[in-house]
Structures are given as structure tokens and as C-alpha cells.
>>> print(open('my_file-v9.csv').read())   # CSV, C-alpha atoms
chain,number,residue,atom,x,y,z
Q,1,MET,CA,19.5,-15.2,-12.3
Q,2,PHE,CA,17.9,-11.8,-11.7
Q,3,GLY,CA,14.3,-12.9,-11.3
Q,4,LEU,CA,11.1,-11.0,-10.4
Q,5,GLY,CA,11.5,-11.7,-6.7
Q,6,LYS,CA,15.0,-10.3,-6.7
Q,7,PHE,CA,13.8,-7.3,-8.7
Q,8,LEU,CA,11.0,-6.6,-6.2
Q,9,SER,CA,13.4,-7.0,-3.3
Q,10,GLU,CA,15.8,-4.5,-4.9
Q,11,LEU,CA,13.0,-2.0,-5.4
Q,12,GLN,CA,12.0,-2.3,-1.8
Q,13,ASP,CA,15.6,-1.7,-0.7
Q,14,LEU,CA,15.6,1.4,-2.8
Q,15,PHE,CA,12.2,2.9,-2.0
Q,16,GLY,CA,11.2,1.0,1.2
Q,17,ASP,CA,7.9,-0.8,1.7
Q,18,LEU,CA,5.3,1.1,-0.3
Q,19,ARG,CA,2.3,-1.1,0.6
Q,20,GLY,CA,1.1,1.2,3.4
Q,21,PRO,CA,1.5,4.5,1.5
Q,22,ALA,CA,-0.1,2.9,-1.6
Q,23,LYS,CA,-3.1,1.8,0.4
Q,24,ALA,CA,-3.4,5.3,1.9
Q,25,LEU,CA,-3.2,6.9,-1.6
Q,26,ILE,CA,-5.9,4.6,-2.9
Q,27,VAL,CA,-8.1,5.5,0.1
Q,28,VAL,CA,-7.5,9.2,-0.6
Q,29,LEU,CA,-8.3,8.9,-4.3
Q,30,ILE,CA,-11.5,7.0,-3.6
Q,31,GLY,CA,-12.2,9.6,-0.9
Q,32,MET,CA,-12.1,12.3,-3.6
Q,33,ALA,CA,-14.7,10.3,-5.6
Q,34,PHE,CA,-16.9,10.2,-2.4
Q,35,ALA,CA,-16.4,13.9,-1.9
Q,36,TRP,CA,-17.6,14.6,-5.4
Q,37,MET,CA,-20.7,12.4,-4.7
Q,38,LEU,CA,-21.4,14.2,-1.4
Q,39,ILE,CA,-21.0,17.6,-2.9
Q,40,HIS,CA,-23.5,16.7,-5.5
Q,41,HIS,CA,-25.9,15.4,-2.9
Q,42,GLN,CA,-25.5,11.7,-3.8
Q,43,TRP,CA,-25.5,10.6,-0.1
Q,44,ALA,CA,-27.6,7.5,-0.6
Q,45,GLU,CA,-25.5,6.2,-3.4
Q,46,ALA,CA,-22.3,6.8,-1.5
Q,47,LEU,CA,-23.6,5.1,1.6
Q,48,LEU,CA,-24.8,2.1,-0.5
Q,49,LEU,CA,-21.3,1.7,-1.9
Q,50,VAL,CA,-19.8,1.7,1.6
Q,51,LEU,CA,-22.4,-0.8,2.8
Q,52,SER,CA,-21.7,-3.1,-0.2
Q,53,ALA,CA,-18.0,-3.0,0.6
Q,54,ILE,CA,-18.6,-3.9,4.2
Q,55,VAL,CA,-20.8,-6.9,3.2
Q,56,ALA,CA,-18.3,-8.0,0.6
Q,57,GLY,CA,-15.5,-7.9,3.3
Q,58,TYR,CA,-17.5,-10.1,5.7
Q,59,LEU,CA,-18.3,-12.6,2.9
Q,60,LEU,CA,-14.6,-12.8,2.0
Q,61,GLU,CA,-13.7,-13.3,5.6
Q,62,LEU,CA,-16.3,-16.1,5.9
Q,63,ILE,CA,-14.7,-17.9,2.9
Q,64,GLY,CA,-11.3,-17.5,4.6
Q,65,THR,CA,-12.5,-19.1,7.8
Q,66,LEU,CA,-13.9,-22.0,5.8
Q,67,LEU,CA,-10.6,-22.5,4.1
Q,68,LEU,CA,-8.8,-22.7,7.4
Q,69,PRO,CA,-7.2,-24.7,8.9
Q,70,LYS,CA,-6.2,-26.9,5.9
Q,71,ARG,CA,-5.3,-24.2,3.5
Q,72,PRO,CA,-3.7,-21.3,5.5
Q,73,ARG,CA,-2.4,-19.3,2.6
Q,74,ALA,CA,-5.7,-19.4,0.7
Q,75,GLY,CA,-7.6,-18.7,3.9
Q,76,LEU,CA,-5.4,-15.7,4.8
Q,77,LEU,CA,-5.9,-14.3,1.3
Q,78,PHE,CA,-9.7,-14.2,1.8
Q,79,LEU,CA,-9.3,-13.1,5.5
Q,80,GLU,CA,-7.4,-10.0,4.2
Q,81,GLY,CA,-10.5,-9.1,2.3
Q,82,TRP,CA,-12.3,-8.0,5.5
Q,83,VAL,CA,-10.3,-4.8,5.2
Q,84,LEU,CA,-12.6,-3.7,2.3
Q,85,GLY,CA,-15.1,-2.6,4.9
Q,86,PRO,CA,-12.8,-0.4,7.0
Q,87,ALA,CA,-11.1,0.9,3.8
Q,88,ALA,CA,-14.5,1.9,2.3
Q,89,ILE,CA,-15.4,3.7,5.6
Q,90,ALA,CA,-12.0,5.4,5.6
Q,91,ALA,CA,-12.5,6.5,2.0
Q,92,PHE,CA,-15.9,7.8,2.8
Q,93,VAL,CA,-14.6,9.7,5.8
Q,94,SER,CA,-11.8,11.1,3.7
Q,95,GLY,CA,-14.4,12.5,1.3
Q,96,LEU,CA,-16.5,13.8,4.3
Q,97,ILE,CA,-13.4,15.6,5.6
Q,98,VAL,CA,-13.1,17.4,2.2
Q,99,VAL,CA,-16.8,18.4,2.3
Q,100,LEU,CA,-16.5,19.6,5.9
Q,101,ALA,CA,-13.4,21.7,4.9
Q,102,ILE,CA,-15.4,23.3,2.1
Q,103,ASP,CA,-18.5,23.9,4.1
Q,104,LEU,CA,-16.7,25.2,7.2
Q,105,THR,CA,-14.6,27.7,5.2
Q,106,PRO,CA,-15.6,31.1,6.6
Q,107,PRO,CA,-16.9,33.7,4.2
Q,108,LYS,CA,-14.6,36.6,3.4
Q,109,ASP,CA,-16.6,39.1,5.5
Q,110,THR,CA,-16.4,36.9,8.6
Q,111,ASP,CA,-14.9,38.6,11.7
Q,112,ALA,CA,-11.5,37.3,12.8
Q,113,THR,CA,-12.7,35.6,16.0
Q,114,THR,CA,-15.5,33.6,14.2
Q,115,GLU,CA,-13.1,32.8,11.4
Q,116,GLU,CA,-10.5,31.4,13.8
Q,117,MET,CA,-13.2,29.3,15.6
Q,118,MET,CA,-14.4,27.8,12.4
Q,119,LYS,CA,-10.9,26.9,11.3
Q,120,THR,CA,-10.2,25.3,14.6
Q,121,LEU,CA,-13.5,23.3,14.4
Q,122,ALA,CA,-12.7,22.1,10.9
Q,123,ALA,CA,-9.2,21.1,11.9
Q,124,GLY,CA,-10.5,19.3,15.0
Q,125,LEU,CA,-13.1,17.4,13.1
Q,126,SER,CA,-10.6,16.4,10.4
Q,127,THR,CA,-8.1,15.2,13.0
Q,128,PHE,CA,-10.8,13.2,14.9
Q,129,LEU,CA,-12.2,11.5,11.8
Q,130,SER,CA,-8.8,10.7,10.4
Q,131,ALA,CA,-7.6,9.2,13.7
Q,132,ALA,CA,-10.8,7.2,14.2
Q,133,PHE,CA,-11.2,5.8,10.7
Q,134,VAL,CA,-8.4,6.3,8.3
Q,135,SER,CA,-5.9,4.6,10.7
Q,136,TRP,CA,-7.8,1.3,10.3
Q,137,ILE,CA,-5.8,0.5,7.1
Q,138,SER,CA,-2.4,0.6,8.9
Q,139,GLU,CA,0.1,-2.2,8.2
Q,140,GLN,CA,1.3,-2.4,11.7
Q,141,ASP,CA,0.7,-4.9,14.6
Q,142,ASN,CA,-2.3,-4.5,16.9
Q,143,THR,CA,-4.6,-2.9,14.2
Q,144,ARG,CA,-8.1,-4.1,13.7
Q,145,ILE,CA,-7.2,-6.3,10.7
Q,146,SER,CA,-4.1,-7.8,12.3
Q,147,ASP,CA,-6.0,-8.6,15.6
Q,148,ARG,CA,-8.9,-10.0,13.7
Q,149,ILE,CA,-6.8,-12.4,11.6
Q,150,ARG,CA,-4.7,-13.4,14.6
Q,151,GLY,CA,-8.0,-14.3,16.4
Q,152,GLN,CA,-9.1,-16.5,13.5
Q,153,PHE,CA,-5.8,-18.3,13.4
Q,154,TYR,CA,-6.0,-18.9,17.2
Q,155,LYS,CA,-9.4,-20.4,16.7
Q,156,LYS,CA,-8.3,-22.7,14.0
Q,157,TYR,CA,-4.9,-23.9,15.3
Q,158,LYS,CA,-4.7,-25.2,18.8
Q,159,ARG,CA,-2.5,-27.2,21.1
Q,160,ALA,CA,-3.3,-30.9,21.3
Q,161,MET,CA,-4.0,-32.1,24.9
Q,162,VAL,CA,-5.8,-35.4,24.1
Q,163,TYR,CA,-5.7,-38.0,21.4
Q,164,PRO,CA,-7.6,-38.2,19.2
Q,165,SER,CA,-8.2,-34.4,19.0
Q,166,PRO,CA,-11.7,-33.0,19.1
Q,167,ALA,CA,-13.5,-32.8,15.8
Q,168,ASP,CA,-14.4,-29.1,16.1
Q,169,GLY,CA,-13.0,-27.7,12.9
Q,170,ALA,CA,-9.7,-26.8,14.4
Q,171,MET,CA,-6.3,-28.4,13.7
Q,172,TYR,CA,-4.4,-29.6,16.8
Q,173,PHE,CA,-0.6,-29.5,17.0
Q,174,THR,CA,1.7,-31.4,19.2
Q,175,PRO,CA,2.8,-29.1,22.1
Q,176,GLY,CA,6.0,-27.3,21.1
Q,177,SER,CA,5.9,-28.4,17.5
Q,178,ARG,CA,6.9,-26.3,14.6
Q,179,GLY,CA,3.2,-25.9,13.7
Q,180,GLU,CA,2.3,-24.6,17.1
Q,181,THR,CA,5.2,-22.2,17.4
Q,182,THR,CA,4.5,-20.8,13.9
Q,183,VAL,CA,1.1,-19.7,15.1
Q,184,TYR,CA,1.8,-18.6,18.7
Q,185,SER,CA,5.5,-17.7,18.9
Q,186,SER,CA,6.5,-14.1,18.9
Q,187,VAL,CA,10.2,-15.0,18.8
Q,188,GLN,CA,10.5,-16.8,15.4
Q,189,ILE,CA,8.1,-14.3,13.8
Q,190,GLY,CA,7.7,-10.9,15.4
Q,191,GLY,CA,4.0,-10.2,15.2
Q,192,TRP,CA,0.9,-10.1,13.0
Q,193,ASN,CA,1.5,-7.3,10.6
Q,194,PHE,CA,1.0,-7.9,6.9
Q,195,ALA,CA,4.5,-9.5,6.2
Q,196,ASP,CA,4.5,-11.5,9.5
Q,197,ARG,CA,1.1,-13.1,9.0
Q,198,TRP,CA,2.0,-14.1,5.4
Q,199,GLU,CA,5.2,-15.6,6.7
Q,200,ARG,CA,3.2,-17.6,9.3
Q,201,ALA,CA,0.8,-18.8,6.7
Q,202,SER,CA,3.6,-19.9,4.4
Q,203,ARG,CA,5.3,-21.9,7.1
Q,204,LEU,CA,2.0,-23.4,8.2
Q,205,SER,CA,1.3,-24.6,4.7
Q,206,GLU,CA,4.7,-26.3,4.6
Q,207,GLU,CA,4.3,-27.9,8.0
Q,208,ILE,CA,0.8,-29.1,7.3
Q,209,ALA,CA,2.0,-30.7,4.0
Q,210,ALA,CA,4.8,-32.4,5.9
Q,211,GLY,CA,2.5,-33.6,8.7
Q,212,GLY,CA,5.2,-33.4,11.3
Q,213,SER,CA,3.3,-31.4,13.9
Q,214,ILE,CA,0.1,-33.5,14.0
Q,215,PRO,CA,0.2,-36.0,17.0
Q,216,SER,CA,-0.2,-39.6,16.3
Q,217,SER,CA,-0.7,-40.9,19.9
Q,218,GLN,CA,-1.5,-39.7,23.4
Q,219,ALA,CA,2.0,-40.8,24.4
Q,220,GLU,CA,3.5,-38.3,21.9
Q,221,ILE,CA,1.5,-35.5,23.4
Q,222,ASP,CA,2.4,-36.5,27.0
Q,223,ASN,CA,6.1,-36.7,26.1
Q,224,ALA,CA,6.0,-33.2,24.5
Q,225,LEU,CA,4.4,-31.8,27.7
Q,226,THR,CA,7.0,-33.3,30.0
>>> encode(input="my_file-v9.csv", output="C-alpha cells")
Amino acid sequence: MFGLGKFLSELQDLFGDLRGPAKALIVVLIGMAFAWMLIHHQWAEALLLVLSAIVAGYLLELIGTLLLPKRPRAGLLFLEGWVLGPAAIAAFVSGLIVVLAIDLTPPKDTDATTEEMMKTLAAGLSTFLSAAFVSWISEQDNTRISDRIRGQFYKKYKRAMVYPSPADGAMYFTPGSRGETTVYSSVQIGGWNFADRWERASRLSEEIAAGGSIPSSQAEIDNALT
């Protein structure tokens, strides 16, 4: 049966993974809206929108941490919401780049040396702002969002060393168990980019439901360590 999953898989084979470019396009489009606001001197409103997105992102992240460790997929869904803040900043910076490009366009009667200096300055500022902020929305490993989510998972899923495990809000797995390797292994799953972290969350959900990685005695932990 040619279901939705197969259809989406075929589209990805044809066009590649479009999540990253789609996110970049959304940021650029919102950036154009910010540029319009800045050109019309609506700086306060634009900054308020950015601040609201940052606050919303942190609230979503907080909900995600509360859902972990028992519901990893639901928790991850909310943890992903933290990107609202960086995305809003990236969009604002995209708009700011447009405004700078307009403001730093030299008048027609500008001498050649000054014109070249202004063009170089505009290009340098655009490159700096893009590298510093717009790159936050990348889909790759070792980005701010991937590192942040990995850190939350490391806090919530740990190796059991004693039985019973501490009641500190974390879930403790038997050393070397499927649950532990799902979180910490870089062999079974390559990294912490978007696809990898969702694969980890899905496997964790299955393993938590099965209960096979939770130690039932100190002897089980000791045997796993030897």
C-alpha cells in the first residue's frame, strides 16, 4: 500500500530533505516583515515580537523538561519549541540586514572610494550578522538547539549505579542497556540533529514502555558493570 509515509519518503528521495531550506525561507519571509516594520520606525513593536517569541520558546522548553523522562517524544516536541527564540532573532536580524543594505547604499554623487568603502562595510555587517544569528536555525549537529536538547536528555536519563536509584527526577538505566545506549551511543544513532534526536526519542519511548532497561536489583547493576 502506497501510504503517506511512503509518499513522503519518495518526495524526500526526489527533492532531498527540505526542512532546513524551508526553515530558512520562513525566517527570510518573516525577516521581510521585520524590515518593513523597521523602515516604518516600528522598532518597539518589532522588539516586542522578538521578546515574546523568546519567552514562548523558554516556556515550551520548560514544559518539555517536565514531560521528560517518562514521555520522551512529547517532551522532545516541546523542547524543539525553544528554537522560536533564535528563529525570531534570526528573522529580526534578516530584516535588519535589509535595512542596513538600504541605509548604506551610497548616493549617486558619491566618489568611487567612499562608495566602495560603504559597500564593503554593508557586506561585512551582513556577513557577520548572518553568521552570528541566522546560522542558529541549522539542522546539523553541534548547533545551539541540538546541544541544548542533548543536555536535557543527559540530565533526565542516567546510568544506574545503585539500587534503588535516586529520586531526583531522572530515569536510571541498567549499564549497557538499550535505554542507555539509545541516549548516549553515537554508533547506533549518529548524533543529535533533528532526525537523530527524534529517532532517539522514538526508541526511548518503546524501551520505556517495555521496561527492559530499568534495573530491578543491585545485583543486576553489578552484573552489567562486570
>>> atom_distance(input="my_file-v9.csv", atom1="atom CA of Q:Ala88", atom2="atom CA of Q:Leu51")
8.4 Å
>>> residues_around(input="my_file-v9.csv", residues="Q:Ile39", least_positions_apart="4", cutoff="12 Å", atoms="only C-alpha atoms", output="ChimeraX atom specification")
/Q:32-35,43,46,95-103
>>> write_last_selection(input="my_file-v9.csv", atoms="C-alpha atoms", output="CSV table (one decimal), keeping the file's coordinate frame")
chain,number,residue,atom,x,y,z
Q,32,MET,CA,-12.1,12.3,-3.6
Q,33,ALA,CA,-14.7,10.3,-5.6
Q,34,PHE,CA,-16.9,10.2,-2.4
Q,35,ALA,CA,-16.4,13.9,-1.9
Q,43,TRP,CA,-25.5,10.6,-0.1
Q,46,ALA,CA,-22.3,6.8,-1.5
Q,95,GLY,CA,-14.4,12.5,1.3
Q,96,LEU,CA,-16.5,13.8,4.3
Q,97,ILE,CA,-13.4,15.6,5.6
Q,98,VAL,CA,-13.1,17.4,2.2
Q,99,VAL,CA,-16.8,18.4,2.3
Q,100,LEU,CA,-16.5,19.6,5.9
Q,101,ALA,CA,-13.4,21.7,4.9
Q,102,ILE,CA,-15.4,23.3,2.1
Q,103,ASP,CA,-18.5,23.9,4.1
>>> atom_distance(input="my_file-v9.csv", atom1="atom CA of Q:Ala210", atom2="atom CA of Q:Lys158")
17.6 Å
>>> closest_residue(input="my_file-v9.csv", among="Q:Leu84, Q:Ala53, Q:Leu104, Q:Leu204", to="Q:Lys23", atoms="all atoms listed in the file")
Q:Leu84
>>> closest_residue(input="my_file-v9.csv", among="Q:Arg150, Q:Lys108, Q:Lys70, Q:Lys119", to="Q:Glu206", atoms="all atoms listed in the file")
Q:Lys70
>>> decode(input="my_file-v9.csv", residues="stretch 163-181 of chain Q", atoms="N, CA, C and O atoms", output="mmCIF file, in the first residue's frame")
data_model
loop_
_atom_site.group_PDB
_atom_site.id
_atom_site.type_symbol
_atom_site.label_atom_id
_atom_site.label_comp_id
_atom_site.auth_asym_id
_atom_site.auth_seq_id
_atom_site.Cartn_x
_atom_site.Cartn_y
_atom_site.Cartn_z
ATOM 1 N N TYR Q 163 20.983 0.641 43.605
ATOM 2 C CA TYR Q 163 19.557 0.311 43.618
ATOM 3 C C TYR Q 163 19.051 0.409 45.057
ATOM 4 O O TYR Q 163 19.697 -0.110 45.971
ATOM 5 N N PRO Q 164 17.933 1.111 45.277
ATOM 6 C CA PRO Q 164 17.129 1.810 44.277
ATOM 7 C C PRO Q 164 17.800 3.101 43.802
ATOM 8 O O PRO Q 164 18.637 3.666 44.500
ATOM 9 N N SER Q 165 17.418 3.548 42.629
ATOM 10 C CA SER Q 165 18.009 4.749 42.043
ATOM 11 C C SER Q 165 17.525 5.994 42.781
ATOM 12 O O SER Q 165 16.442 5.996 43.382
ATOM 13 N N PRO Q 166 18.321 7.065 42.765
ATOM 14 C CA PRO Q 166 17.904 8.311 43.429
ATOM 15 C C PRO Q 166 16.596 8.852 42.856
ATOM 16 O O PRO Q 166 16.345 8.748 41.655
ATOM 17 N N ALA Q 167 15.790 9.429 43.712
ATOM 18 C CA ALA Q 167 14.522 10.032 43.278
ATOM 19 C C ALA Q 167 14.760 11.509 42.984
ATOM 20 O O ALA Q 167 14.342 12.390 43.734
ATOM 21 N N ASP Q 168 15.455 11.778 41.891
ATOM 22 C CA ASP Q 168 15.829 13.152 41.551
ATOM 23 C C ASP Q 168 15.203 13.632 40.241
ATOM 24 O O ASP Q 168 15.651 14.612 39.652
ATOM 25 N N GLY Q 169 14.175 12.923 39.782
ATOM 26 C CA GLY Q 169 13.505 13.332 38.554
ATOM 27 C C GLY Q 169 14.104 12.759 37.295
ATOM 28 O O GLY Q 169 13.592 12.998 36.198
ATOM 29 N N ALA Q 170 15.192 11.999 37.426
ATOM 30 C CA ALA Q 170 15.816 11.368 36.264
ATOM 31 C C ALA Q 170 15.409 9.897 36.202
ATOM 32 O O ALA Q 170 14.943 9.321 37.185
ATOM 33 N N MET Q 171 15.598 9.301 35.031
ATOM 34 C CA MET Q 171 15.349 7.870 34.856
ATOM 35 C C MET Q 171 16.698 7.176 34.734
ATOM 36 O O MET Q 171 17.546 7.587 33.943
ATOM 37 N N TYR Q 172 16.889 6.130 35.523
ATOM 38 C CA TYR Q 172 18.177 5.446 35.568
ATOM 39 C C TYR Q 172 18.080 4.107 34.848
ATOM 40 O O TYR Q 172 17.204 3.295 35.142
ATOM 41 N N PHE Q 173 19.017 3.905 33.908
ATOM 42 C CA PHE Q 173 19.039 2.690 33.110
ATOM 43 C C PHE Q 173 20.153 1.753 33.566
ATOM 44 O O PHE Q 173 21.208 2.195 34.036
ATOM 45 N N THR Q 174 19.921 0.477 33.380
ATOM 46 C CA THR Q 174 20.956 -0.519 33.622
ATOM 47 C C THR Q 174 22.147 -0.240 32.701
ATOM 48 O O THR Q 174 21.956 0.054 31.518
ATOM 49 N N PRO Q 175 23.380 -0.293 33.225
ATOM 50 C CA PRO Q 175 24.555 -0.031 32.379
ATOM 51 C C PRO Q 175 24.576 -0.927 31.138
ATOM 52 O O PRO Q 175 24.397 -2.137 31.224
ATOM 53 N N GLY Q 176 24.779 -0.299 29.982
ATOM 54 C CA GLY Q 176 24.849 -1.041 28.733
ATOM 55 C C GLY Q 176 23.516 -1.451 28.158
ATOM 56 O O GLY Q 176 23.471 -2.119 27.115
ATOM 57 N N SER Q 177 22.431 -1.068 28.800
ATOM 58 C CA SER Q 177 21.102 -1.456 28.320
ATOM 59 C C SER Q 177 20.733 -0.667 27.066
ATOM 60 O O SER Q 177 21.381 0.313 26.699
ATOM 61 N N ARG Q 178 19.664 -1.109 26.426
ATOM 62 C CA ARG Q 178 19.211 -0.438 25.205
ATOM 63 C C ARG Q 178 18.807 1.005 25.494
ATOM 64 O O ARG Q 178 19.041 1.901 24.679
ATOM 65 N N GLY Q 179 18.210 1.235 26.661
ATOM 66 C CA GLY Q 179 17.820 2.593 27.010
ATOM 67 C C GLY Q 179 19.020 3.514 27.126
ATOM 68 O O GLY Q 179 19.019 4.634 26.608
ATOM 69 N N GLU Q 180 20.073 3.031 27.798
ATOM 70 C CA GLU Q 180 21.265 3.863 27.966
ATOM 71 C C GLU Q 180 21.954 4.128 26.634
ATOM 72 O O GLU Q 180 22.331 5.264 26.333
ATOM 73 N N THR Q 181 22.119 3.093 25.824
ATOM 74 C CA THR Q 181 22.816 3.288 24.554
ATOM 75 C C THR Q 181 22.007 4.154 23.590
ATOM 76 O O THR Q 181 22.582 4.863 22.763
#
